[in-house]
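K.L.:
Okay, here's the structure, questions in a sec.
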Amino acid sequence: MRLPRFTSIILVSSLVLLASCRLGVRLPIIGGIGVGVGSDSVTELAELQESGIRVDHHSIEVDVDEQLGYTAIIQHRETLIDTAGMSVGQTASMTIDPETQTLEVVEASVTTADGRTRFLGKDNFFAVPSTASRNSPGFVRTSTTTVVFPQLAVGSQTAVKWRLRSRTGTKLGINGMYRPHLRFPVTEARVTMRYPKSVDLYFNHRGPFQVSRTETGDSHQVSALLSNYPGYPPEAAMVSPQDVTPVVLVSSMSSWEKVGQVFGETLQPKVKVTAEVAAIADRVAGRLEGREAARALYHWVCRNMQYVVTYLNTSDTWIPHDVDEILANRYGDCKDHYVLLASLFAAKGLEIEPVLIGWDRSYEELPLWTPQQFDHCIAYLPEFDLYANPTDPYHDLGQLDVMLSGKFVVHAGAEARVAKTPWGRMADNSYSFSNKVSINSAGDIEGSSRIEVMGRVAGTTRAQIAEDHMVIQADNILMASPGGGAEVFQTTDPMDLDTPFVMEGNWASPAALNMQEQVFLATPSGLDLVTANRLQEFMSGRERRFALVGRAVEVSWRHEITAAPGYSFDKLPSESSIENELGSYSSSYAIRPDGVLLVERRLGLRKDLVPAEEYSAFDDLVRHATQDLRTIMVMEKINP
């Protein structure tokens, strides 16, 4: 978990909204800064999977006062259009900070398909500590109110009306977002804001909203209407729904730079060279200088700090802990990790800047400056022009995973500025698989596999290996292969970034082949992590609508296959080759003088993000690779 989507008002912040889908939430959440109930992976997965609902009406009316407090009336009515909507539509929830907010259910009802309406009472309303509060006791004080709808069936319509009051504004002011769920059709959704002329609020939208502005006496009113949004099916490996759905935004921030200045003001006082900080910096960096000293300090923070969410309270969401407290606890969120790293850097005279970023599958800049663009803090080292994520112990200094690459960011501080993190490059990221295979006369296959990874591919793989039980992982890989089998990987230490990461192991697939005069077999994949089945997940038989999140990488395979005694590989498949603007694929098949079949393949992908209009070229590459990886070879019995 990371920084929450920063919200004083979330008009329908689907990211926070969908993060709460574990509680059955699809209604907008309007809450104070610091309401965070899940990670982006959870929210995006929920939004991509949920279906079976039609939103008939959604409205949010917000009245803002001169101190940026507000009263909001939220109404939502939806129909269960098929059985998939039954579990999705069972509840509606809203999370608040009770220190500054109050929430009441004004009205809730269920209307059956034959038109009978049942109004719900207090027995159907439940208020409990929020998921975030339970996960971070003593730090988060938010609570969640849930309405449970009884006697649902296909065709049922549920409705709920909430009244939310917020007594005070925050340093970040008001920031709101409405966007529909990717898959849910919306008949009508309207957002209306009324605010005094003395208050500066900014608005913008993307997509087919009808926006109107009026003035009445001393107040402004802005209204945005979305009609007949059809909802769209998800696509494999697609970007975040936030990038592709219509959205309307409001913010009292005057610019991206202002967002960065506010964040910088909360961090800078916490960066201190205490006696303990100085001692650690001297011990860790020693006589190292420049980039090597920076790398040593970065590694120390990543290895010695646990990454957890520790919000103090709503108004303190952007305020990290004191550096002495961070060192005493040895845990913290991304802000705490940055403060500790910056303090260590200061002790060694190294430059560092905090950077606001979204750690998710969203790559589009929102059409209005708002803290809701970001949920994470990383570091920038201006002396070396490097970005680094000090919460990630598996990626080296200067390596960013694909969900932090090519992202719009704000460098925070007094001289805040906007920028973009670099995209990954194929030349810097590789996966190399080698496989030695032998077949016996009973049709058993034995092999030894070795995987070497470089760049951020190594970081991602290190994380998977460190967090998964490798016996289970290796077994799963083999059981998914045509030959089946089981064995265990051996790996270098995934936490040791000074040593190239290597995985290797011996494996066996008993009774994998039916030994006849001619034996037909595909290349045994052994412990390969990049199989035809994995590649096929990126393919689609339909026209692509949304951009695809891939990875700039070079993948290579080398197989040495020894035929069973009395058999040989005489009929070799044809070599394969393709190249286009997104990359290339090639393969070769040859018999060595010792009779061993040598199969070599290479797939190169040049882009992390593939726009929909370029997907056909990507599909050609992956389709070509997938078909070739499944090539059937013939092992023939040698006639005496």
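Labeling convention for the structure tokens: chains A, B, ... as they appear, residues from 1 per chain, ligands from 1 in order of appearance.
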Please provide the set of residues having any atom within 12 Å of Arg602 of chain A, restricted to only C-alpha atoms, with same-chain residues fewer than 2 positions apart removed, written as a PyMOL selection string.
P.N.:
chain A and resi 430-434+530+553-559+575-579+583-588+599-600+604-605+621-622+624-626+628-629
K.L.:
Thr499 of chain A: which residues within 12 Å, counting only C-alpha atoms, same-chain residues fewer than 4 positions away excluded, as a list in words?
P.N.:
Tyr394, Asp396, Glu452, Val453, Met454, Ala458, Arg462, Thr491, Thr492, Asp493, Pro494 and Met495 of chain A
K.L.:
Within 10 Å of segment 242-246 of chain A, which residues of segment 83-181 of chain A come that close, and what is the closest atom pair and distance in Å for each? Count only C-alpha atoms and give it as JSON lines.
P.N.:
{"residue": "A:Tyr178", "atom": "CA", "partner": "A:Pro246", "partner_atom": "CA", "distance": 8.4}
{"residue": "A:Arg179", "atom": "CA", "partner": "A:Pro246", "partner_atom": "CA", "distance": 5.7}
{"residue": "A:Pro180", "atom": "CA", "partner": "A:Thr245", "partner_atom": "CA", "distance": 6.7}
{"residue": "A:His181", "atom": "CA", "partner": "A:Thr245", "partner_atom": "CA", "distance": 7.7}
K.L.:
If you keep all heavy atoms, can you produce a file of those selected residues as a CSV table (one decimal), in the first residue's frame?
P.N.:
chain,number,residue,atom,x,y,z
A,178,TYR,N,-14.8,12.6,-10.8
A,178,TYR,CA,-15.9,11.7,-11.1
A,178,TYR,C,-15.5,11.0,-12.4
A,178,TYR,O,-15.1,11.6,-13.4
A,178,TYR,CB,-17.2,12.3,-11.2
A,178,TYR,CG,-18.2,11.4,-11.9
A,178,TYR,CD1,-18.8,10.3,-11.2
A,178,TYR,CD2,-18.5,11.5,-13.3
A,178,TYR,CE1,-19.6,9.4,-11.8
A,178,TYR,CE2,-19.3,10.5,-13.9
A,178,TYR,CZ,-19.9,9.5,-13.1
A,178,TYR,OH,-20.7,8.6,-13.8
A,179,ARG,N,-15.6,9.7,-12.4
A,179,ARG,CA,-15.5,8.9,-13.6
A,179,ARG,C,-16.4,7.7,-13.4
A,179,ARG,O,-16.4,7.1,-12.3
A,179,ARG,CB,-14.1,8.6,-14.1
A,179,ARG,CG,-13.4,7.6,-13.2
A,179,ARG,CD,-12.1,7.2,-13.8
A,179,ARG,NE,-11.4,6.2,-13.0
A,179,ARG,CZ,-11.6,4.9,-13.1
A,179,ARG,NH1,-12.5,4.4,-14.0
A,179,ARG,NH2,-11.0,4.0,-12.4
A,180,PRO,N,-17.0,7.2,-14.5
A,180,PRO,CA,-17.8,5.9,-14.4
A,180,PRO,C,-16.9,4.7,-14.3
A,180,PRO,O,-15.7,4.7,-14.7
A,180,PRO,CB,-18.6,5.9,-15.7
A,180,PRO,CG,-17.8,6.7,-16.7
A,180,PRO,CD,-17.0,7.7,-15.9
A,181,HIS,N,-17.4,3.7,-13.7
A,181,HIS,CA,-16.8,2.3,-13.8
A,181,HIS,C,-16.6,1.9,-15.2
A,181,HIS,O,-17.5,2.2,-16.1
A,181,HIS,CB,-17.7,1.4,-13.0
A,181,HIS,CG,-17.3,0.0,-12.8
A,181,HIS,ND1,-17.1,-0.9,-13.8
A,181,HIS,CD2,-17.0,-0.7,-11.7
A,181,HIS,CE1,-16.7,-2.1,-13.3
A,181,HIS,NE2,-16.6,-1.9,-12.0
K.L.:
Using only C-alpha atoms, can you tell me which of A:Leu225, A:Ile81, A:Val128, A:Ala412 comes closest to Gly155 of chain A?
P.N.:
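Under the stated criterion, the closest residue is A:Ile81.
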K.L.:
Could you check how far atom CA of Cys377 of chain A sits from atom CA of Arg361 of chain A, in Å to one decimal?
P.N.:
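These atoms are spaced 15.8 Å apart.
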K.L.:
Please report, as a ChimeraX atom specification, each residue of segment 46-171 of chain A to which DSSP assigns strand (DSSP E) when run on this structure's backbone.
P.N.:
/A:53-64,70-80,91-96,101-111,117-119,125-129,143-148,157-166
K.L.:
Of the residues A:Gly413, A:Gly595, A:Gly455, A:Gly424, which is the one nearest to Pro500 of chain A, using only C-alpha atoms?
P.N.:
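Among A:Gly413, A:Gly595, A:Gly455, A:Gly424, it is A:Gly455 that comes nearest to Pro500 of chain A.
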K.L.:
Excluding Lys571 of chain A and its own-chain neighbours fewer than 2 positions away, which residues fall within 9 Å of it when counting only C-alpha atoms? Please give them as a list in words.
P.N.:
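Non-adjacent residues within range: Phe569, Pro573, Met633, Val634, Met635 and Glu636 of chain A.
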K.L.:
Excluding same-chain residues fewer than 2 positions from Gly217 of chain A, what lies within 10 Å of it counting only C-alpha atoms, as a compact mmCIF listing (two decimals) with C-alpha atoms, in the first residue's frame?
P.N.:
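Listing of part-v1.txt after writing:
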# COMPACT_ATOMS: atom_id res chain seq x y z
CA PRO A 196 -18.82 31.31 -3.12
CA LYS A 197 -17.30 33.70 -5.64
CA GLU A 215 -23.89 32.63 -11.37
CA SER A 219 -22.10 32.09 -5.73
CA HIS A 220 -20.98 30.07 -8.75
K.L.:
Could you list, as a PyMOL selection string, every residue within 12 Å of Lys161 of chain A, counting only C-alpha atoms and ignoring same-chain residues fewer than 3 positions away?
P.N.:
chain A and resi 27-28+57-61+72-77+92-94+103-109+119-120+147+158+164
K.L.:
Just the helix (DSSP H, G or I) stuff from segment 81-235 of chain A, please, per backbone DSSP, written as a list in words.
P.N.:
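Matching residues, listed in order: Gly85, Met86, Ser87, Val88, Lys122, Asp123, Asn124, Thr131, Ala132, Ser133, Arg134 and Asn135 of chain A.
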